[in-house]
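Here's protein_16.txt, which has compact mmCIF, C-alpha atoms (C1' of nucleotides):
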# COMPACT_ATOMS: atom_id res chain seq x y z
CA MET A 1 -24.13 -16.78 -6.01
CA PRO A 2 -23.17 -13.12 -6.09
CA GLY A 3 -20.59 -11.98 -8.61
CA LEU A 4 -17.25 -10.45 -7.78
CA ARG A 5 -18.49 -6.93 -8.41
CA ASP A 6 -21.47 -7.45 -6.08
CA VAL A 7 -19.27 -8.60 -3.22
CA LEU A 8 -16.70 -5.84 -3.69
CA SER A 9 -19.29 -3.07 -3.79
CA GLY A 10 -20.21 -3.64 -0.14
CA PRO A 11 -18.90 -1.58 2.80
CA VAL A 12 -15.12 -1.82 3.01
CA LEU A 13 -15.10 -3.12 6.59
CA GLU A 14 -17.24 -6.05 5.49
CA VAL A 15 -15.39 -6.66 2.25
CA ALA A 16 -11.84 -6.56 3.65
CA PRO A 17 -12.00 -9.77 5.72
CA ARG A 18 -13.78 -11.53 2.86
CA LEU A 19 -10.69 -10.96 0.72
CA LEU A 20 -8.62 -13.17 3.00
CA GLY A 21 -8.03 -16.46 1.23
CA ALA A 22 -8.81 -14.91 -2.15
CA THR A 23 -6.32 -15.35 -4.96
CA LEU A 24 -4.81 -12.54 -7.01
CA ARG A 25 -3.21 -13.78 -10.19
CA HIS A 26 -0.98 -11.93 -12.63
CA GLU A 27 -0.19 -14.14 -15.60
CA ASP A 28 1.75 -17.13 -14.23
CA VAL A 29 2.09 -15.98 -10.60
CA ALA A 30 -0.73 -16.26 -8.07
CA VAL A 31 -0.89 -15.11 -4.44
CA ARG A 32 -3.36 -16.20 -1.80
CA LEU A 33 -4.10 -13.18 0.37
CA THR A 34 -3.34 -13.59 4.07
CA GLU A 35 -3.33 -10.00 5.30
CA VAL A 36 -5.25 -6.90 4.21
CA GLU A 37 -6.01 -3.43 5.52
CA ALA A 38 -9.13 -1.27 5.06
CA TYR A 39 -9.13 2.40 4.07
CA ASP A 40 -12.59 3.84 4.45
CA GLY A 41 -13.69 6.72 2.32
CA PRO A 42 -13.53 10.44 2.98
CA ASP A 43 -13.71 10.18 6.77
CA ASP A 44 -10.54 8.17 7.23
CA PRO A 45 -7.52 10.40 7.94
CA GLY A 46 -5.23 7.49 7.06
CA SER A 47 -6.59 7.15 3.55
CA HIS A 48 -5.07 8.60 0.41
CA ALA A 49 -8.60 9.73 -0.42
CA TYR A 50 -8.97 11.79 2.76
CA ARG A 51 -8.03 15.08 1.12
CA GLY A 52 -10.04 14.50 -2.01
CA ARG A 53 -9.29 13.36 -5.49
CA THR A 54 -5.79 13.79 -6.94
CA ARG A 55 -4.08 12.31 -9.96
CA ARG A 56 -2.52 9.60 -7.83
CA ASN A 57 -5.66 8.42 -6.03
CA ALA A 58 -8.13 8.96 -8.88
CA VAL A 59 -9.06 5.30 -9.32
CA MET A 60 -10.22 5.15 -5.70
CA PHE A 61 -13.04 7.45 -6.77
CA GLY A 62 -14.15 5.12 -9.52
CA PRO A 63 -16.01 1.78 -9.56
CA SER A 64 -15.07 -1.12 -7.30
CA GLY A 65 -13.25 -4.16 -8.59
CA VAL A 66 -10.24 -2.35 -9.98
CA LEU A 67 -6.67 -2.19 -8.73
CA TYR A 68 -5.28 1.01 -7.20
CA VAL A 69 -1.47 0.96 -7.41
CA TYR A 70 0.81 3.66 -6.10
CA PHE A 71 4.56 4.18 -5.89
CA THR A 72 6.16 5.27 -2.64
CA TYR A 73 9.47 5.77 -0.85
CA GLY A 74 11.13 6.17 -4.22
CA MET A 75 11.25 2.42 -4.79
CA HIS A 76 8.14 0.53 -3.70
CA HIS A 77 4.78 -0.22 -5.23
CA CYS A 78 1.68 -1.03 -3.19
CA ALA A 79 -1.60 -2.43 -4.49
CA ASN A 80 -5.15 -1.98 -3.26
CA ILE A 81 -8.49 -3.30 -4.42
CA VAL A 82 -11.04 -0.54 -4.81
CA VAL A 83 -14.23 -1.52 -2.99
CA GLY A 84 -17.47 0.01 -1.74
CA PRO A 85 -20.18 2.00 -3.46
CA ALA A 86 -19.03 4.16 -6.37
CA ASP A 87 -19.56 7.41 -4.50
CA ARG A 88 -17.33 6.38 -1.62
CA PRO A 89 -13.54 6.19 -2.23
CA SER A 90 -12.61 3.09 -0.22
CA ALA A 91 -9.94 0.50 -0.83
CA VAL A 92 -8.29 -2.57 0.67
CA LEU A 93 -4.50 -2.60 0.81
CA LEU A 94 -3.02 -6.02 0.01
CA ARG A 95 -0.47 -6.39 2.77
CA ALA A 96 0.69 -9.99 2.43
CA GLY A 97 0.05 -13.34 0.86
CA GLU A 98 1.33 -16.78 0.04
CA VAL A 99 2.62 -17.52 -3.44
CA VAL A 100 0.56 -20.50 -4.63
CA ASP A 101 1.54 -20.58 -8.29
CA GLY A 102 4.51 -19.44 -10.37
CA LEU A 103 6.90 -20.00 -7.48
CA GLU A 104 9.98 -20.04 -9.69
CA HIS A 105 9.09 -16.74 -11.31
CA ALA A 106 8.32 -15.14 -7.95
CA ARG A 107 11.68 -16.32 -6.62
CA GLU A 108 13.42 -14.76 -9.61
CA ARG A 109 11.73 -11.44 -8.99
CA ARG A 110 12.30 -11.40 -5.24
CA GLY A 111 15.41 -13.36 -4.40
CA SER A 112 14.23 -14.05 -0.87
CA SER A 113 13.11 -17.00 1.19
CA ASP A 114 9.79 -18.44 0.08
CA ARG A 115 8.11 -17.19 3.23
CA ASP A 116 9.09 -13.60 2.42
CA LEU A 117 8.11 -13.64 -1.26
CA ALA A 118 4.89 -11.69 -0.66
CA ARG A 119 5.19 -10.89 3.03
CA GLY A 120 4.55 -7.14 2.98
CA PRO A 121 2.68 -4.87 0.55
CA ALA A 122 5.66 -3.92 -1.60
CA ARG A 123 7.02 -7.47 -1.63
CA LEU A 124 3.62 -8.73 -2.75
CA CYS A 125 3.69 -6.34 -5.70
CA GLN A 126 7.23 -7.32 -6.58
CA ALA A 127 6.45 -11.04 -6.45
CA LEU A 128 3.44 -10.56 -8.71
CA GLY A 129 5.14 -8.12 -11.06
CA VAL A 130 2.53 -5.45 -10.33
CA HIS A 131 3.51 -1.83 -10.92
CA LEU A 132 2.10 1.54 -11.91
CA SER A 133 0.95 0.42 -15.33
CA HIS A 134 -1.59 -1.78 -13.52
CA ASP A 135 -3.21 1.19 -11.76
CA GLY A 136 -6.89 1.17 -12.69
CA THR A 137 -6.88 -2.39 -14.06
CA ASP A 138 -10.25 -4.17 -13.92
CA LEU A 139 -9.79 -7.40 -11.96
CA SER A 140 -12.60 -9.33 -13.61
CA ARG A 141 -10.87 -9.80 -16.96
CA GLY A 142 -7.46 -9.72 -18.58
CA ASP A 143 -4.16 -11.01 -17.22
CA LEU A 144 -4.76 -9.68 -13.71
CA THR A 145 -7.62 -11.44 -11.96
CA LEU A 146 -9.08 -11.82 -8.49
CA THR A 147 -10.83 -15.00 -7.39
CA LEU A 148 -12.67 -15.13 -4.09
CA ALA A 149 -12.20 -18.08 -1.74
CA ASP A 150 -14.85 -20.78 -1.92
CA GLY A 151 -15.54 -20.76 1.80
CA PRO A 152 -14.40 -19.19 5.07
CA PRO A 153 -10.60 -19.29 5.12
CA GLY A 154 -10.26 -19.94 8.87
CA ASP A 155 -9.71 -17.79 11.93
CA VAL A 156 -9.35 -14.09 11.24
CA SER A 157 -7.53 -11.68 13.56
CA THR A 158 -7.94 -7.92 13.69
CA GLY A 159 -5.56 -5.20 14.82
CA PRO A 160 -4.22 -1.71 14.21
CA ARG A 161 -2.98 -0.64 10.81
CA VAL A 162 0.70 -0.54 10.00
CA GLY A 163 2.97 2.34 9.16
CA LEU A 164 0.49 5.24 9.15
CA ARG A 165 0.90 8.49 10.99
CA HIS A 166 -2.82 9.23 11.05
CA ALA A 167 -5.58 7.00 12.40
CA ALA A 168 -3.35 3.94 12.51
CA ASP A 169 -5.12 2.76 15.66
CA ARG A 170 -8.32 1.92 13.86
CA PRO A 171 -8.40 -1.90 14.02
CA TRP A 172 -8.84 -2.24 10.31
CA ARG A 173 -6.07 -4.70 9.58
CA PHE A 174 -7.26 -8.27 9.05
CA TRP A 175 -5.12 -11.36 8.78
CA LEU A 176 -5.36 -15.14 8.89
CA THR A 177 -4.57 -16.08 12.45
CA GLY A 178 -1.20 -17.76 12.76
CA ASP A 179 -0.34 -17.69 9.08
CA PRO A 180 3.45 -17.48 8.63
CA THR A 181 3.22 -15.19 5.61
CA VAL A 182 1.55 -12.35 7.55
CA SER A 183 3.86 -9.32 7.62
CA THR A 184 5.84 -8.33 10.68
CA TYR A 185 4.11 -5.55 12.58
CA ARG A 186 5.89 -2.23 12.41
CA PRO A 187 4.36 0.78 14.07
CA ALA A 188 4.40 4.06 12.17
CA ALA A 189 7.80 5.73 12.11
CA PRO A 190 7.89 8.73 14.41
CA THR A 191 7.92 12.04 12.59
CA ARG A 192 11.44 13.31 12.35
CA ARG A 193 11.96 17.02 12.44
CA ARG A 194 14.73 18.60 10.53
CA GLY A 195 17.27 20.06 12.86
C1' DC B 1 17.94 1.16 15.19
C1' DC B 2 19.00 3.73 10.46
C1' DC B 3 18.34 5.28 5.88
C1' DG B 4 17.80 5.00 0.56
C1' DT B 5 14.91 6.99 -2.90
C1' DG B 6 11.93 9.94 -5.83
C1' DA B 7 7.02 10.92 -6.80
C1' DT B 8 3.41 13.39 -4.74
C1' DT B 9 1.44 16.79 -2.02
C1' DC B 10 1.58 20.83 0.93
C1' DT B 11 2.58 25.58 1.83
C1' DC B 12 3.67 29.31 0.91
C1' DT B 13 4.67 33.09 -2.87
C1' DG C 1 5.97 27.99 -9.51
C1' DA C 2 9.54 26.81 -5.96
C1' DG C 3 11.04 24.58 -2.01
C1' DA C 4 9.98 21.50 1.71
C1' DA C 5 7.81 17.74 3.98
C1' DT C 6 5.82 13.47 3.57
C1' DC C 7 5.52 8.63 2.60
C1' DA C 8 -0.17 2.53 3.60
C1' DC C 9 8.22 0.18 2.85
C1' DG C 10 12.09 -2.97 3.14
C1' DG C 11 16.87 -4.32 3.81
C1' DG C 12 20.74 -4.15 6.69
C1' DC C 13 22.97 -3.83 11.09
Reformat the file's structure so that it appears as C-alpha cells.
Amino acid sequence: MPGLRDVLSGPVLEVAPRLLGATLRHEDVAVRLTEVEAYDGPDDPGSHAYRGRTRRNAVMFGPSGVLYVYFTYGMHHCANIVVGPADRPSAVLLRAGEVVDGLEHARERRGSSDRDLARGPARLCQALGVHLSHDGTDLSRGDLTLTLADGPPGDVSTGPRVGLRHAADRPWRFWLTGDPTVSTYRPAAPTRRRG
DNA sequence: CCCGTGATTCTCT
DNA sequence: GAGAATCACGGGC
C-alpha cells in the first residue's frame, strides 16, 4: 500500500479527486473533505504559482504533503495541500468538508449551523483552527494530519472552479455528488473599475 | 445584490 | 519606494 507521500506526489488532476473522503485533523477537530479544487503548476493562470515564486506561495514550490495556507480579503484563511512532483508547484484547495470529530469545538469557533461549519474554504479553516502559522506544516506528523479514505468515497462530480478571474472555467473542482456540505457555487466577481 | 478588510502583488518611478 | 489594484471569501440584505 503506497504511503501518503507517494499518493500526493502524483499529478494534481489525479490526486485531487483522491482527496475526497480523506480526513484532515487538527488536534481535536477533524473534517472529512467533500469538495476540492486543483491548481496545476506554472501553466495555470488561476494559480498563485503562475507568476513564479513569492514569499506567500513559497511552500507550493517545495515537497508535496505539506499545507499551503494564505490569508485573503483581509479576514479569511484558505488551506491547500501541496501535491505533485517537487519541481512542479501544484496544490489542491480544500473547499469544503464535514466536521466528523470535535463538533463542539468547531461550533464554538464558527457559530453557524452544523452544515455550514466547514462549507467553504475559509469556513473550513476557521472550523479547524488553521491559520498562517500552519503554512508549510508537514501533514504526516504532528498535530495536523491527513488520512486518506480507505476506499472510493462514492460518486464524484466535476465542474468549473469558484471565484477566480483567470482560468476559472477549467473543470478542476471535484466534489462528492449530492453531499450537503459542498459549498454554494459562486462565479468569480466581475472586475469593478474605479470610477 | 453589496461590501468589509488588509496583506500581497503590480506598476510605475 | 509609493500608490493602486487585486483577492482561490463570507455574511447580510
*May I have the residues within 12 Å of Thr158 of chain A as a VMD selection string, using all atoms listed in the file and disregarding those fewer than 3 positions away in the same chain?*
chain A and resid 13 16 to 17 20 35 to 38 155 161 to 162 169 to 178
*In file coordinates, which residues lie within 9 Å of (-5.8, -9.7, -13.8) using only C-alpha atoms (C1' of nucleotides), given as number ranges by chain?*
A: 24-27, 134, 137-146
*asked:* Applying 10 Å and all atoms listed in the file, which residues near Phe71 of chain A remain after dropping the ones on its own chain fewer than 2 positions away? List them as a ChimeraX atom specification.
replied: /A:56,69,73-79,122,131-132 /B:6-8 /C:7
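When atom CA of Gly129 of chain A is paired with atom CA of Val83 of chain A, their separation reads 22.0 Å.
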_Using all atoms listed in the file, which protein or nucleic acid residues come within 12 Å of DG12 of chain C? Drop anything in the same chain fewer than 5 positions from it, and give the result as an MDAnalysis selection string._
chainID B and resid 1:4
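The gap separating atom CA of Ala189 of chain A from atom CA of Arg32 of chain A is 28.3 Å, in Å to one decimal.
Coordinates place atom CA of Asn80 of chain A at a distance of 24.1 Å from atom CA of Ser113 of chain A.
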Would you compute an axis-aligned box for chain B, covering every atom listed for it in the file with 3 Å of margin on each side, and report centre and edge lengths in Å to one decimal as AutoDock Vina command-line options?
--center_x 10.2 --center_y 17.1 --center_z 4.2 --size_x 23.6 --size_y 37.9 --size_z 28.0
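For chain C, the residues having at least one atom no farther than 12 Å from chain A, when counting all atoms listed in the file, are DA4, DA5, DT6, DC7, DA8, DC9, DG10 and DG11 of chain C.
Of the listed residues A:Leu103, A:Arg55, A:Cys125, A:Arg115, the one whose atoms come nearest to chain B is A:Arg55, with distances taken using all atoms listed in the file.
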*Determine, counting all atoms listed in the file, which protein, DNA and RNA residues have an atom within 10 Å of an atom of DG3 of chain C; residues of the same chain fewer than 2 positions away are not included. Present the result as JSON, numbers by chain.*
{"B": [11, 12], "C": [1, 5]}
_Can you tell me which residues surround Leu33 of chain A at a distance of at most 7 Å, considering all atoms listed in the file, apart from same-chain residues fewer than 4 positions away, and format the answer as number ranges by chain?_
A: 19-23, 96-98
Quick one: segment 144-159 of chain A from the block, all heavy atoms, as a compact mmCIF listing (two decimals), in the first residue's frame.
# COMPACT_ATOMS: atom_id res chain seq x y z
N LEU A 144 -1.29 18.20 13.06
CA LEU A 144 -2.08 18.45 11.85
C LEU A 144 -1.79 17.29 10.90
O LEU A 144 -0.68 17.14 10.40
CB LEU A 144 -1.64 19.78 11.24
CG LEU A 144 -2.48 20.48 10.20
CD1 LEU A 144 -3.91 20.67 10.67
CD2 LEU A 144 -1.88 21.83 9.89
N THR A 145 -2.80 16.44 10.69
CA THR A 145 -2.55 15.22 9.93
C THR A 145 -3.62 14.97 8.88
O THR A 145 -4.79 15.33 9.05
CB THR A 145 -2.51 13.99 10.85
OG1 THR A 145 -3.69 13.97 11.64
CG2 THR A 145 -1.29 14.01 11.76
N LEU A 146 -3.21 14.35 7.79
CA LEU A 146 -4.12 13.97 6.72
C LEU A 146 -4.17 12.45 6.65
O LEU A 146 -3.14 11.78 6.66
CB LEU A 146 -3.62 14.53 5.39
CG LEU A 146 -4.47 14.21 4.16
CD1 LEU A 146 -5.78 14.98 4.20
CD2 LEU A 146 -3.71 14.53 2.88
N THR A 147 -5.39 11.93 6.56
CA THR A 147 -5.57 10.48 6.43
C THR A 147 -6.43 10.21 5.21
O THR A 147 -7.56 10.72 5.12
CB THR A 147 -6.27 9.89 7.68
OG1 THR A 147 -5.56 10.31 8.84
CG2 THR A 147 -6.30 8.38 7.61
N LEU A 148 -5.92 9.43 4.28
CA LEU A 148 -6.69 9.15 3.07
C LEU A 148 -7.84 8.19 3.39
O LEU A 148 -7.77 7.40 4.33
CB LEU A 148 -5.79 8.53 2.00
CG LEU A 148 -4.70 9.47 1.47
CD1 LEU A 148 -3.83 8.74 0.44
CD2 LEU A 148 -5.31 10.72 0.84
N ALA A 149 -8.90 8.27 2.56
CA ALA A 149 -10.03 7.36 2.73
C ALA A 149 -9.60 5.94 2.40
O ALA A 149 -8.70 5.72 1.58
CB ALA A 149 -11.18 7.81 1.84
N ASP A 150 -10.25 4.98 3.04
CA ASP A 150 -9.91 3.58 2.81
C ASP A 150 -10.28 3.14 1.39
O ASP A 150 -9.55 2.40 0.75
CB ASP A 150 -10.64 2.68 3.81
CG ASP A 150 -10.06 2.82 5.20
OD1 ASP A 150 -8.86 3.18 5.29
OD2 ASP A 150 -10.78 2.60 6.18
N GLY A 151 -11.42 3.57 0.92
CA GLY A 151 -11.85 3.16 -0.41
C GLY A 151 -12.48 4.33 -1.15
O GLY A 151 -12.46 5.45 -0.67
N PRO A 152 -13.03 4.06 -2.33
CA PRO A 152 -13.70 5.12 -3.10
C PRO A 152 -14.84 5.71 -2.29
O PRO A 152 -15.62 4.97 -1.69
CB PRO A 152 -14.23 4.38 -4.34
CG PRO A 152 -13.45 3.11 -4.42
CD PRO A 152 -13.08 2.77 -3.00
N PRO A 153 -14.93 7.04 -2.23
CA PRO A 153 -15.89 7.68 -1.36
C PRO A 153 -17.31 7.74 -1.93
O PRO A 153 -18.22 8.12 -1.23
CB PRO A 153 -15.33 9.09 -1.20
CG PRO A 153 -14.57 9.33 -2.47
CD PRO A 153 -14.05 7.99 -2.90
N GLY A 154 -17.48 7.35 -3.21
CA GLY A 154 -18.80 7.48 -3.83
C GLY A 154 -18.70 8.27 -5.12
O GLY A 154 -17.60 8.49 -5.63
N ASP A 155 -19.85 8.73 -5.61
CA ASP A 155 -19.85 9.45 -6.88
C ASP A 155 -19.17 10.80 -6.75
O ASP A 155 -19.41 11.54 -5.80
CB ASP A 155 -21.30 9.65 -7.35
CG ASP A 155 -21.92 8.35 -7.84
OD1 ASP A 155 -21.16 7.39 -8.08
OD2 ASP A 155 -23.15 8.30 -7.98
N VAL A 156 -18.33 11.10 -7.74
CA VAL A 156 -17.62 12.36 -7.76
C VAL A 156 -18.09 13.20 -8.94
O VAL A 156 -18.20 12.70 -10.06
CB VAL A 156 -16.09 12.11 -7.88
CG1 VAL A 156 -15.35 13.42 -8.09
CG2 VAL A 156 -15.57 11.40 -6.63
N SER A 157 -18.41 14.46 -8.69
CA SER A 157 -18.78 15.38 -9.76
C SER A 157 -17.63 16.33 -10.04
O SER A 157 -16.77 16.55 -9.20
CB SER A 157 -20.02 16.18 -9.38
OG SER A 157 -21.14 15.34 -9.22
N THR A 158 -17.64 16.90 -11.23
CA THR A 158 -16.59 17.82 -11.67
C THR A 158 -17.23 19.06 -12.26
O THR A 158 -18.28 18.96 -12.91
CB THR A 158 -15.74 17.14 -12.77
OG1 THR A 158 -15.22 15.92 -12.26
CG2 THR A 158 -14.59 18.02 -13.19
N GLY A 159 -16.62 20.21 -12.04
CA GLY A 159 -17.15 21.44 -12.62
C GLY A 159 -16.14 22.56 -12.54
O GLY A 159 -15.01 22.35 -12.08
